[in-house]
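Novice: Sharing upload.cif (mmCIF, N, CA and C atoms) below.
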data_my_file
loop_
_atom_site.label_atom_id
_atom_site.label_comp_id
_atom_site.auth_asym_id
_atom_site.auth_seq_id
_atom_site.Cartn_x
_atom_site.Cartn_y
_atom_site.Cartn_z
N MET A 921 -287.36 -112.04 -90.75
CA MET A 921 -287.58 -111.36 -92.01
C MET A 921 -287.90 -109.90 -91.73
N ALA A 922 -287.30 -109.00 -92.48
CA ALA A 922 -287.42 -107.58 -92.22
C ALA A 922 -288.64 -106.93 -92.87
N ILE A 923 -289.32 -107.62 -93.78
CA ILE A 923 -290.45 -107.05 -94.51
C ILE A 923 -291.70 -107.89 -94.27
N THR A 924 -292.79 -107.22 -93.92
CA THR A 924 -294.11 -107.86 -93.83
C THR A 924 -295.01 -107.16 -94.83
N LEU A 925 -295.62 -107.94 -95.74
CA LEU A 925 -296.50 -107.38 -96.76
C LEU A 925 -297.95 -107.60 -96.35
N VAL A 926 -298.76 -106.55 -96.45
CA VAL A 926 -300.16 -106.64 -96.05
C VAL A 926 -301.08 -105.90 -97.01
N ASN A 927 -302.32 -106.33 -97.04
CA ASN A 927 -303.41 -105.61 -97.70
C ASN A 927 -304.37 -105.19 -96.60
N PRO A 928 -304.28 -103.95 -96.12
CA PRO A 928 -305.14 -103.53 -95.02
C PRO A 928 -306.60 -103.42 -95.42
N ASN A 929 -307.47 -103.64 -94.47
CA ASN A 929 -308.90 -103.42 -94.70
C ASN A 929 -309.10 -101.98 -95.14
N GLY A 930 -310.00 -101.77 -96.06
CA GLY A 930 -310.29 -100.43 -96.54
C GLY A 930 -309.56 -100.07 -97.82
N LEU A 931 -308.60 -100.91 -98.25
CA LEU A 931 -307.91 -100.71 -99.52
C LEU A 931 -308.21 -101.90 -100.42
N PRO A 932 -308.27 -101.70 -101.73
CA PRO A 932 -308.55 -102.83 -102.61
C PRO A 932 -307.44 -103.87 -102.57
N GLU A 933 -307.82 -105.13 -102.70
CA GLU A 933 -306.84 -106.20 -102.75
C GLU A 933 -306.45 -106.42 -104.21
N ILE A 934 -305.17 -106.25 -104.50
CA ILE A 934 -304.63 -106.36 -105.85
C ILE A 934 -303.86 -107.68 -105.93
N ASP A 935 -304.13 -108.49 -106.94
CA ASP A 935 -303.45 -109.78 -107.06
C ASP A 935 -301.94 -109.65 -107.26
N ALA A 936 -301.52 -108.65 -108.01
CA ALA A 936 -300.11 -108.55 -108.41
C ALA A 936 -299.20 -108.06 -107.29
N TYR A 937 -299.74 -107.39 -106.28
CA TYR A 937 -298.90 -106.85 -105.22
C TYR A 937 -299.73 -106.58 -103.97
N ARG A 938 -299.04 -106.34 -102.86
CA ARG A 938 -299.67 -105.93 -101.61
C ARG A 938 -299.63 -104.42 -101.53
N GLN A 939 -300.57 -103.84 -100.83
CA GLN A 939 -300.66 -102.39 -100.74
C GLN A 939 -299.62 -101.76 -99.81
N VAL A 940 -299.17 -102.52 -98.81
CA VAL A 940 -298.29 -101.95 -97.78
C VAL A 940 -297.15 -102.93 -97.48
N SER A 941 -295.96 -102.39 -97.28
CA SER A 941 -294.87 -103.19 -96.73
C SER A 941 -294.42 -102.52 -95.45
N ILE A 942 -294.25 -103.33 -94.42
CA ILE A 942 -293.80 -102.84 -93.12
C ILE A 942 -292.38 -103.34 -92.93
N ALA A 943 -291.44 -102.41 -92.81
CA ALA A 943 -290.03 -102.75 -92.70
C ALA A 943 -289.56 -102.63 -91.26
N THR A 944 -288.89 -103.67 -90.79
CA THR A 944 -288.32 -103.64 -89.45
C THR A 944 -286.82 -103.80 -89.46
N GLY A 945 -286.23 -103.95 -90.62
CA GLY A 945 -284.80 -104.14 -90.73
C GLY A 945 -284.04 -102.84 -90.54
N SER A 946 -282.73 -102.93 -90.62
CA SER A 946 -281.90 -101.77 -90.34
C SER A 946 -281.01 -101.35 -91.51
N LYS A 947 -281.03 -102.12 -92.59
CA LYS A 947 -280.15 -101.83 -93.73
C LYS A 947 -281.00 -101.67 -94.99
N LEU A 948 -280.90 -100.52 -95.62
CA LEU A 948 -281.64 -100.26 -96.85
C LEU A 948 -280.77 -100.61 -98.05
N VAL A 949 -281.40 -101.22 -99.05
CA VAL A 949 -280.72 -101.57 -100.29
C VAL A 949 -281.50 -100.92 -101.43
N PHE A 950 -280.85 -100.04 -102.17
CA PHE A 950 -281.48 -99.37 -103.30
C PHE A 950 -280.87 -99.93 -104.57
N ILE A 951 -281.70 -100.50 -105.42
CA ILE A 951 -281.22 -101.10 -106.66
C ILE A 951 -281.61 -100.19 -107.83
N ALA A 952 -280.62 -99.81 -108.58
CA ALA A 952 -280.85 -98.96 -109.76
C ALA A 952 -281.82 -99.64 -110.70
N GLY A 953 -282.50 -98.85 -111.49
CA GLY A 953 -283.42 -99.40 -112.47
C GLY A 953 -282.72 -100.43 -113.33
N GLN A 954 -283.31 -101.62 -113.40
CA GLN A 954 -282.74 -102.71 -114.18
C GLN A 954 -283.50 -102.81 -115.50
N VAL A 955 -282.75 -102.97 -116.57
CA VAL A 955 -283.31 -103.14 -117.90
C VAL A 955 -283.00 -104.55 -118.38
N ALA A 956 -283.29 -104.83 -119.63
CA ALA A 956 -283.19 -106.21 -120.15
C ALA A 956 -281.81 -106.59 -120.64
N TRP A 957 -280.77 -106.00 -120.08
CA TRP A 957 -279.41 -106.41 -120.41
C TRP A 957 -279.03 -107.63 -119.60
N ASP A 958 -278.32 -108.57 -120.24
CA ASP A 958 -277.75 -109.67 -119.48
C ASP A 958 -276.39 -109.23 -118.93
N ALA A 959 -275.66 -110.15 -118.31
CA ALA A 959 -274.37 -109.81 -117.68
C ALA A 959 -273.35 -109.27 -118.68
N ASP A 960 -273.51 -109.59 -119.96
CA ASP A 960 -272.59 -109.13 -120.99
C ASP A 960 -273.05 -107.85 -121.66
N GLY A 961 -274.16 -107.28 -121.20
CA GLY A 961 -274.69 -106.06 -121.80
C GLY A 961 -275.48 -106.28 -123.06
N VAL A 962 -275.87 -107.54 -123.31
CA VAL A 962 -276.69 -107.87 -124.48
C VAL A 962 -278.16 -107.67 -124.12
N ASN A 963 -278.89 -106.97 -124.99
CA ASN A 963 -280.31 -106.75 -124.75
C ASN A 963 -281.08 -108.04 -125.02
N ILE A 964 -281.85 -108.47 -124.03
CA ILE A 964 -282.65 -109.69 -124.13
C ILE A 964 -284.08 -109.32 -124.52
N GLY A 965 -284.67 -110.07 -125.42
CA GLY A 965 -286.08 -109.88 -125.76
C GLY A 965 -286.40 -108.64 -126.55
N GLU A 966 -285.64 -108.36 -127.57
CA GLU A 966 -285.91 -107.16 -128.38
C GLU A 966 -287.36 -107.17 -128.88
N GLY A 967 -288.10 -106.11 -128.54
CA GLY A 967 -289.49 -105.98 -128.95
C GLY A 967 -290.47 -106.85 -128.18
N ASP A 968 -289.99 -107.58 -127.16
CA ASP A 968 -290.82 -108.52 -126.40
C ASP A 968 -290.91 -108.06 -124.95
N LEU A 969 -292.02 -107.40 -124.60
CA LEU A 969 -292.18 -106.84 -123.25
C LEU A 969 -292.07 -107.92 -122.18
N ALA A 970 -292.72 -109.07 -122.38
CA ALA A 970 -292.68 -110.13 -121.37
C ALA A 970 -291.25 -110.61 -121.12
N ALA A 971 -290.49 -110.82 -122.18
CA ALA A 971 -289.10 -111.27 -122.03
C ALA A 971 -288.26 -110.22 -121.32
N GLN A 972 -288.51 -108.96 -121.62
CA GLN A 972 -287.73 -107.90 -120.98
C GLN A 972 -288.10 -107.77 -119.50
N VAL A 973 -289.36 -107.90 -119.16
CA VAL A 973 -289.77 -107.89 -117.75
C VAL A 973 -289.08 -109.03 -117.01
N GLU A 974 -289.10 -110.21 -117.61
CA GLU A 974 -288.44 -111.36 -116.99
C GLU A 974 -286.97 -111.07 -116.72
N GLN A 975 -286.25 -110.52 -117.69
CA GLN A 975 -284.83 -110.23 -117.52
C GLN A 975 -284.62 -109.17 -116.45
N CYS A 976 -285.48 -108.17 -116.39
CA CYS A 976 -285.36 -107.14 -115.35
C CYS A 976 -285.43 -107.78 -113.97
N TYR A 977 -286.40 -108.68 -113.76
CA TYR A 977 -286.53 -109.34 -112.47
C TYR A 977 -285.34 -110.24 -112.17
N VAL A 978 -284.83 -110.93 -113.17
CA VAL A 978 -283.63 -111.76 -112.98
C VAL A 978 -282.46 -110.87 -112.54
N ASN A 979 -282.31 -109.72 -113.17
CA ASN A 979 -281.25 -108.78 -112.80
C ASN A 979 -281.43 -108.27 -111.38
N ILE A 980 -282.66 -107.98 -111.00
CA ILE A 980 -282.93 -107.53 -109.63
C ILE A 980 -282.56 -108.64 -108.65
N GLY A 981 -282.90 -109.88 -108.98
CA GLY A 981 -282.53 -111.00 -108.13
C GLY A 981 -281.02 -111.10 -107.95
N THR A 982 -280.27 -110.88 -109.01
CA THR A 982 -278.81 -110.90 -108.94
C THR A 982 -278.30 -109.77 -108.04
N ALA A 983 -278.85 -108.59 -108.21
CA ALA A 983 -278.44 -107.44 -107.39
C ALA A 983 -278.78 -107.67 -105.92
N LEU A 984 -279.97 -108.21 -105.66
CA LEU A 984 -280.36 -108.50 -104.27
C LEU A 984 -279.39 -109.49 -103.64
N ALA A 985 -279.07 -110.55 -104.35
CA ALA A 985 -278.16 -111.56 -103.82
C ALA A 985 -276.79 -110.95 -103.49
N ALA A 986 -276.32 -110.04 -104.34
CA ALA A 986 -275.04 -109.39 -104.09
C ALA A 986 -275.05 -108.57 -102.81
N ALA A 987 -276.24 -108.10 -102.42
CA ALA A 987 -276.39 -107.30 -101.20
C ALA A 987 -276.75 -108.17 -99.99
N GLY A 988 -276.81 -109.49 -100.19
CA GLY A 988 -277.20 -110.39 -99.10
C GLY A 988 -278.69 -110.38 -98.85
N ALA A 989 -279.47 -110.08 -99.89
CA ALA A 989 -280.92 -109.97 -99.77
C ALA A 989 -281.59 -110.90 -100.78
N SER A 990 -282.91 -110.95 -100.71
CA SER A 990 -283.71 -111.71 -101.66
C SER A 990 -285.00 -110.94 -101.93
N PHE A 991 -285.84 -111.49 -102.79
CA PHE A 991 -287.12 -110.82 -103.07
C PHE A 991 -287.99 -110.71 -101.83
N ASP A 992 -287.78 -111.57 -100.85
CA ASP A 992 -288.53 -111.47 -99.59
C ASP A 992 -288.22 -110.17 -98.86
N ASP A 993 -287.10 -109.54 -99.18
CA ASP A 993 -286.68 -108.32 -98.51
C ASP A 993 -287.09 -107.05 -99.26
N VAL A 994 -287.72 -107.20 -100.42
CA VAL A 994 -288.09 -106.03 -101.23
C VAL A 994 -289.28 -105.32 -100.60
N ALA A 995 -289.10 -104.03 -100.35
CA ALA A 995 -290.15 -103.21 -99.76
C ALA A 995 -290.97 -102.49 -100.81
N LYS A 996 -290.37 -102.21 -101.98
CA LYS A 996 -291.08 -101.43 -103.01
C LYS A 996 -290.42 -101.63 -104.35
N LEU A 997 -291.24 -101.76 -105.38
CA LEU A 997 -290.79 -101.81 -106.77
C LEU A 997 -291.39 -100.63 -107.52
N THR A 998 -290.64 -100.11 -108.47
CA THR A 998 -291.17 -99.11 -109.39
C THR A 998 -290.88 -99.61 -110.79
N VAL A 999 -291.94 -99.68 -111.60
CA VAL A 999 -291.87 -100.23 -112.95
C VAL A 999 -292.17 -99.11 -113.94
N TYR A 1000 -291.26 -98.92 -114.88
CA TYR A 1000 -291.43 -97.91 -115.93
C TYR A 1000 -291.60 -98.65 -117.25
N VAL A 1001 -292.70 -98.39 -117.95
CA VAL A 1001 -292.97 -99.07 -119.22
C VAL A 1001 -293.14 -98.02 -120.32
N VAL A 1002 -292.42 -98.21 -121.41
CA VAL A 1002 -292.50 -97.30 -122.54
C VAL A 1002 -293.87 -97.42 -123.20
N ASP A 1003 -294.49 -96.27 -123.47
CA ASP A 1003 -295.78 -96.19 -124.16
C ASP A 1003 -296.83 -97.11 -123.52
N TRP A 1004 -296.92 -97.05 -122.20
CA TRP A 1004 -297.84 -97.91 -121.46
C TRP A 1004 -299.30 -97.70 -121.87
N THR A 1005 -299.98 -98.80 -122.08
CA THR A 1005 -301.44 -98.84 -122.20
C THR A 1005 -301.90 -100.07 -121.44
N PRO A 1006 -303.11 -100.06 -120.89
CA PRO A 1006 -303.58 -101.19 -120.09
C PRO A 1006 -303.56 -102.54 -120.82
N ASP A 1007 -303.64 -102.52 -122.14
CA ASP A 1007 -303.62 -103.80 -122.87
C ASP A 1007 -302.26 -104.49 -122.80
N LYS A 1008 -301.24 -103.81 -122.27
CA LYS A 1008 -299.92 -104.42 -122.09
C LYS A 1008 -299.80 -105.19 -120.78
N MET A 1009 -300.81 -105.06 -119.90
CA MET A 1009 -300.75 -105.72 -118.60
C MET A 1009 -300.55 -107.23 -118.69
N PRO A 1010 -301.24 -107.95 -119.59
CA PRO A 1010 -300.99 -109.41 -119.67
C PRO A 1010 -299.52 -109.74 -119.97
N LEU A 1011 -298.86 -108.97 -120.82
CA LEU A 1011 -297.45 -109.21 -121.12
C LEU A 1011 -296.57 -108.94 -119.90
N LEU A 1012 -296.88 -107.87 -119.19
CA LEU A 1012 -296.13 -107.55 -117.98
C LEU A 1012 -296.29 -108.69 -116.97
N MET A 1013 -297.52 -109.17 -116.77
CA MET A 1013 -297.77 -110.24 -115.82
C MET A 1013 -297.15 -111.56 -116.28
N GLU A 1014 -297.12 -111.80 -117.58
CA GLU A 1014 -296.47 -113.01 -118.11
C GLU A 1014 -294.98 -113.00 -117.78
N GLY A 1015 -294.33 -111.87 -118.01
CA GLY A 1015 -292.91 -111.76 -117.70
C GLY A 1015 -292.64 -111.91 -116.22
N LEU A 1016 -293.49 -111.31 -115.40
CA LEU A 1016 -293.37 -111.44 -113.95
C LEU A 1016 -293.54 -112.90 -113.52
N GLY A 1017 -294.53 -113.57 -114.10
CA GLY A 1017 -294.77 -114.98 -113.77
C GLY A 1017 -293.61 -115.87 -114.15
N ARG A 1018 -293.05 -115.64 -115.32
CA ARG A 1018 -291.90 -116.44 -115.77
C ARG A 1018 -290.69 -116.21 -114.87
N ALA A 1019 -290.46 -114.94 -114.50
CA ALA A 1019 -289.34 -114.63 -113.62
C ALA A 1019 -289.55 -115.25 -112.25
N ALA A 1020 -290.76 -115.16 -111.72
CA ALA A 1020 -291.04 -115.74 -110.40
C ALA A 1020 -290.81 -117.24 -110.41
N ALA A 1021 -291.22 -117.91 -111.48
CA ALA A 1021 -291.01 -119.36 -111.59
C ALA A 1021 -289.52 -119.68 -111.70
N LYS A 1022 -288.80 -118.90 -112.49
CA LYS A 1022 -287.36 -119.13 -112.68
C LYS A 1022 -286.60 -118.92 -111.38
N LEU A 1023 -287.00 -117.88 -110.62
CA LEU A 1023 -286.29 -117.52 -109.40
C LEU A 1023 -286.84 -118.22 -108.17
N GLY A 1024 -288.00 -118.87 -108.30
CA GLY A 1024 -288.62 -119.54 -107.15
C GLY A 1024 -289.12 -118.56 -106.11
N VAL A 1025 -289.70 -117.46 -106.55
CA VAL A 1025 -290.17 -116.42 -105.62
C VAL A 1025 -291.60 -116.02 -105.94
N THR A 1026 -292.21 -115.36 -104.99
CA THR A 1026 -293.49 -114.70 -105.19
C THR A 1026 -293.24 -113.22 -104.94
N ALA A 1027 -293.10 -112.45 -105.99
CA ALA A 1027 -292.78 -111.03 -105.86
C ALA A 1027 -294.06 -110.22 -105.76
N THR A 1028 -294.47 -109.89 -104.53
CA THR A 1028 -295.71 -109.13 -104.36
C THR A 1028 -295.56 -107.88 -103.49
N PRO A 1029 -294.37 -107.24 -103.44
CA PRO A 1029 -294.29 -106.02 -102.65
C PRO A 1029 -295.08 -104.90 -103.31
N PRO A 1030 -295.36 -103.82 -102.56
CA PRO A 1030 -296.01 -102.68 -103.19
C PRO A 1030 -295.25 -102.26 -104.45
N ALA A 1031 -296.00 -101.84 -105.45
CA ALA A 1031 -295.37 -101.47 -106.71
C ALA A 1031 -296.10 -100.28 -107.32
N SER A 1032 -295.35 -99.48 -108.03
CA SER A 1032 -295.92 -98.40 -108.83
C SER A 1032 -295.56 -98.69 -110.27
N LEU A 1033 -296.51 -98.47 -111.17
CA LEU A 1033 -296.28 -98.66 -112.59
C LEU A 1033 -296.49 -97.32 -113.27
N LEU A 1034 -295.46 -96.88 -113.99
CA LEU A 1034 -295.50 -95.58 -114.65
C LEU A 1034 -295.26 -95.75 -116.14
N GLY A 1035 -296.09 -95.13 -116.94
CA GLY A 1035 -295.85 -95.08 -118.37
C GLY A 1035 -294.90 -93.94 -118.68
N VAL A 1036 -293.92 -94.22 -119.53
CA VAL A 1036 -292.93 -93.21 -119.89
C VAL A 1036 -292.82 -93.15 -121.41
N ALA A 1037 -292.33 -92.02 -121.92
CA ALA A 1037 -292.17 -91.86 -123.36
C ALA A 1037 -291.01 -92.69 -123.90
N ALA A 1038 -289.93 -92.79 -123.14
CA ALA A 1038 -288.74 -93.51 -123.60
C ALA A 1038 -287.86 -93.83 -122.41
N LEU A 1039 -286.94 -94.77 -122.63
CA LEU A 1039 -285.91 -95.09 -121.65
C LEU A 1039 -284.54 -94.77 -122.25
N ASP A 1040 -283.48 -95.16 -121.56
CA ASP A 1040 -282.14 -94.77 -121.96
C ASP A 1040 -281.70 -95.30 -123.32
N VAL A 1041 -282.20 -96.47 -123.71
CA VAL A 1041 -281.84 -97.10 -124.97
C VAL A 1041 -283.15 -97.40 -125.71
N PRO A 1042 -283.26 -97.06 -126.98
CA PRO A 1042 -284.52 -97.26 -127.69
C PRO A 1042 -285.09 -98.68 -127.63
N ASP A 1043 -284.22 -99.70 -127.54
CA ASP A 1043 -284.70 -101.08 -127.50
C ASP A 1043 -285.28 -101.49 -126.14
N HIS A 1044 -285.07 -100.69 -125.11
CA HIS A 1044 -285.59 -101.03 -123.79
C HIS A 1044 -287.06 -100.63 -123.69
N LEU A 1045 -287.89 -101.60 -123.32
CA LEU A 1045 -289.33 -101.38 -123.19
C LEU A 1045 -289.75 -101.20 -121.74
N VAL A 1046 -288.90 -101.64 -120.80
CA VAL A 1046 -289.26 -101.61 -119.39
C VAL A 1046 -287.99 -101.44 -118.55
N GLU A 1047 -288.14 -100.77 -117.42
CA GLU A 1047 -287.08 -100.63 -116.44
C GLU A 1047 -287.72 -100.78 -115.07
N ILE A 1048 -287.09 -101.56 -114.19
CA ILE A 1048 -287.66 -101.80 -112.87
C ILE A 1048 -286.59 -101.53 -111.81
N GLU A 1049 -286.96 -100.72 -110.80
CA GLU A 1049 -286.07 -100.47 -109.69
C GLU A 1049 -286.68 -101.03 -108.41
N ALA A 1050 -285.82 -101.32 -107.44
CA ALA A 1050 -286.28 -101.95 -106.20
C ALA A 1050 -285.61 -101.31 -105.00
N THR A 1051 -286.34 -101.32 -103.90
CA THR A 1051 -285.80 -100.95 -102.60
C THR A 1051 -286.06 -102.13 -101.67
N ALA A 1052 -285.02 -102.54 -100.97
CA ALA A 1052 -285.14 -103.67 -100.04
C ALA A 1052 -284.68 -103.23 -98.66
N VAL A 1053 -285.12 -103.97 -97.66
CA VAL A 1053 -284.70 -103.72 -96.27
C VAL A 1053 -284.27 -105.06 -95.69
N ILE A 1054 -283.05 -105.09 -95.14
CA ILE A 1054 -282.56 -106.31 -94.52
C ILE A 1054 -282.05 -106.00 -93.12
N ASP A 1055 -281.93 -107.02 -92.32
CA ASP A 1055 -281.43 -106.87 -90.94
C ASP A 1055 -279.94 -106.67 -90.92
#
Is it possible to give me this structure as structure tokens?
Specialist:
Amino acid sequence: MAITLVNPNGLPEIDAYRQVSIATGSKLVFIAGQVAWDADGVNIGEGDLAAQVEQCYVNIGTALAAAGASFDDVAKLTVYVVDWTPDKMPLLMEGLGRAAAKLGVTATPPASLLGVAALDVPDHLVEIEATAVID
């Protein structure tokens, strides 16, 4: 496995992700920000942050598989949420939990969460991009 996830001493332990990923692989995979579109371009979960987070992760899983990778190879995630406030965290975690159960994964690579004013389409509430490292 090309990625080792750790929480080093001296940094807080966060349940949702690890603070550091150590990559030893030789091939980088950059996945464009994924939104809640299905394969036909239909927006999933209109107005439902949890459903849109779930679809974003499903899309990332599809993109990873196309590159010969899996969530175990993800070194970093960046999550963009429209009009972010901390009270939205349970919905974000619900969507992540549903996606993890559907995909059979534990997605805990380092992650950054950024609040944004808007995304490319007004119905999109979240966009998630990933970087993976494979051998």
Novice: Identify which of the residues A:Glu933, A:Asp993, A:Glu1014, A:Asp1007 lies closest to Ala970 of chain A, counting only N, CA and C atoms when measuring atom-to-atom distances.
Specialist: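 When distances to Ala970 of chain A are compared using only N, CA and C atoms, the smallest one comes from A:Glu1014.
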Novice: Please report, as an NGL selection string, each residue of segment 956-1008 of chain A to which DSSP assigns strand (DSSP E) when run on this structure's backbone.
Specialist: :A and (994-1002)
Novice: Please indicate the distance in Å from atom CA of Ala1019 of chain A to atom CA of Ala971 of chain A, rounded to one decimal place.
Specialist: 9.1 Å
Novice: Exactly which residues make up the result of the PyMOL selection byres (((chain A and resi 974-978 and name CA) around 6) and name CA) on this file, given as a list in words?
Specialist: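 With the shown file as input, the PyMOL selection byres (((chain A and resi 974-978 and name CA) around 6) and name CA) matches Gln954, Val955, Ala956, Ala971, Gln972, Val973, Asn979, Ile980, Gly981, Gly1015, Leu1016 and Ala1019 of chain A.
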Novice: Let me know the residues the PyMOL selection byres ((chain A and resi 950) around 6.5) catches in the file above, as a list in words.
Specialist: Leu948, Val949, Ile951, Ala952, Ala1050, Thr1051 and Ala1052 of chain A
Novice: Using only C-alpha atoms, which of the listed residues (A:Thr998, A:Thr1028, A:Thr924, A:Ser990) sits closest to Ala936 of chain A?
Specialist: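 Using only C-alpha atoms, Ala936 of chain A sits closest to A:Thr1028.
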Novice: Name the closest residue to Ala995 of chain A among the candidates A:Gly930, A:Gly945, A:Gly953, A:Gly1017; distances are taken between atoms, counting only C-alpha atoms.
Specialist: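 Under the stated criterion, the closest residue is A:Gly945.
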Novice: Put the listed atoms of segment 1012-1016 of chain A in a box along x, y and z with 4 Å added on every side and give me the centre and edge lengths in Å to one decimal, as AutoDock Vina command-line options.
Specialist:
--center_x -295.2 --center_y -110.3 --center_z -116.4 --size_x 13.1 --size_y 13.5 --size_z 13.7
Novice: What residues come out when you apply the PyMOL selection byres ((chain A and resi 1033) around 6) to this file, written as an MDAnalysis selection string?
Specialist: chainID A and resid 998:1000 1031:1032 1034:1035
Novice: Dump N, CA and C atoms for the selected residues as an mmCIF file, in the frame of the given file?
Specialist:
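The result, written out as part-v2.cif:
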data_model
loop_
_atom_site.group_PDB
_atom_site.id
_atom_site.type_symbol
_atom_site.label_atom_id
_atom_site.label_comp_id
_atom_site.auth_asym_id
_atom_site.auth_seq_id
_atom_site.Cartn_x
_atom_site.Cartn_y
_atom_site.Cartn_z
ATOM 1 N N THR A 998 -290.640 -100.110 -108.470
ATOM 2 C CA THR A 998 -291.170 -99.110 -109.390
ATOM 3 C C THR A 998 -290.880 -99.610 -110.790
ATOM 4 N N VAL A 999 -291.940 -99.680 -111.600
ATOM 5 C CA VAL A 999 -291.870 -100.230 -112.950
ATOM 6 C C VAL A 999 -292.170 -99.110 -113.940
ATOM 7 N N TYR A 1000 -291.260 -98.920 -114.880
ATOM 8 C CA TYR A 1000 -291.430 -97.910 -115.930
ATOM 9 C C TYR A 1000 -291.600 -98.650 -117.250
ATOM 10 N N ALA A 1031 -296.000 -101.840 -105.450
ATOM 11 C CA ALA A 1031 -295.370 -101.470 -106.710
ATOM 12 C C ALA A 1031 -296.100 -100.280 -107.320
ATOM 13 N N SER A 1032 -295.350 -99.480 -108.030
ATOM 14 C CA SER A 1032 -295.920 -98.400 -108.830
ATOM 15 C C SER A 1032 -295.560 -98.690 -110.270
ATOM 16 N N LEU A 1034 -295.460 -96.880 -113.990
ATOM 17 C CA LEU A 1034 -295.500 -95.580 -114.650
ATOM 18 C C LEU A 1034 -295.260 -95.750 -116.140
ATOM 19 N N GLY A 1035 -296.090 -95.130 -116.940
ATOM 20 C CA GLY A 1035 -295.850 -95.080 -118.370
ATOM 21 C C GLY A 1035 -294.900 -93.940 -118.680
#
Novice: Between atom C of Glu1049 of chain A and atom C of Asp968 of chain A, what is the spacing in Å?
Specialist: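 According to the coordinates, atom C of Asp968 of chain A and atom C of Glu1049 of chain A are separated by 18.5 Å.
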Novice: Kindly write segment 980-992 of chain A with N, CA and C atoms to a file, as a tab-separated table (two decimals), in the first residue's frame.
Specialist:
chain	number	residue	atom	x	y	z
A	980	ILE	N	-16.05	9.84	-6.47
A	980	ILE	CA	-14.60	9.72	-6.24
A	980	ILE	C	-14.20	8.25	-6.31
A	981	GLY	N	-15.00	7.37	-5.72
A	981	GLY	CA	-14.72	5.94	-5.78
A	981	GLY	C	-14.67	5.45	-7.22
A	982	THR	N	-15.58	5.92	-8.05
A	982	THR	CA	-15.60	5.55	-9.47
A	982	THR	C	-14.34	6.05	-10.17
A	983	ALA	N	-13.97	7.29	-9.90
A	983	ALA	CA	-12.77	7.86	-10.52
A	983	ALA	C	-11.51	7.12	-10.06
A	984	LEU	N	-11.44	6.80	-8.78
A	984	LEU	CA	-10.29	6.05	-8.26
A	984	LEU	C	-10.17	4.69	-8.96
A	985	ALA	N	-11.28	3.99	-9.07
A	985	ALA	CA	-11.27	2.67	-9.71
A	985	ALA	C	-10.78	2.77	-11.15
A	986	ALA	N	-11.19	3.82	-11.85
A	986	ALA	CA	-10.76	4.00	-13.24
A	986	ALA	C	-9.26	4.19	-13.34
A	987	ALA	N	-8.65	4.71	-12.27
A	987	ALA	CA	-7.20	4.93	-12.24
A	987	ALA	C	-6.45	3.74	-11.64
A	988	GLY	N	-7.18	2.67	-11.30
A	988	GLY	CA	-6.55	1.52	-10.67
A	988	GLY	C	-6.24	1.75	-9.21
A	989	ALA	N	-7.02	2.62	-8.57
A	989	ALA	CA	-6.79	2.99	-7.17
A	989	ALA	C	-8.06	2.74	-6.36
A	990	SER	N	-7.95	2.97	-5.06
A	990	SER	CA	-9.09	2.87	-4.16
A	990	SER	C	-8.95	3.95	-3.09
A	991	PHE	N	-9.91	4.02	-2.19
A	991	PHE	CA	-9.82	5.01	-1.11
A	991	PHE	C	-8.61	4.78	-0.22
A	992	ASP	N	-8.09	3.56	-0.19
A	992	ASP	CA	-6.87	3.29	0.58
A	992	ASP	C	-5.68	4.05	0.02
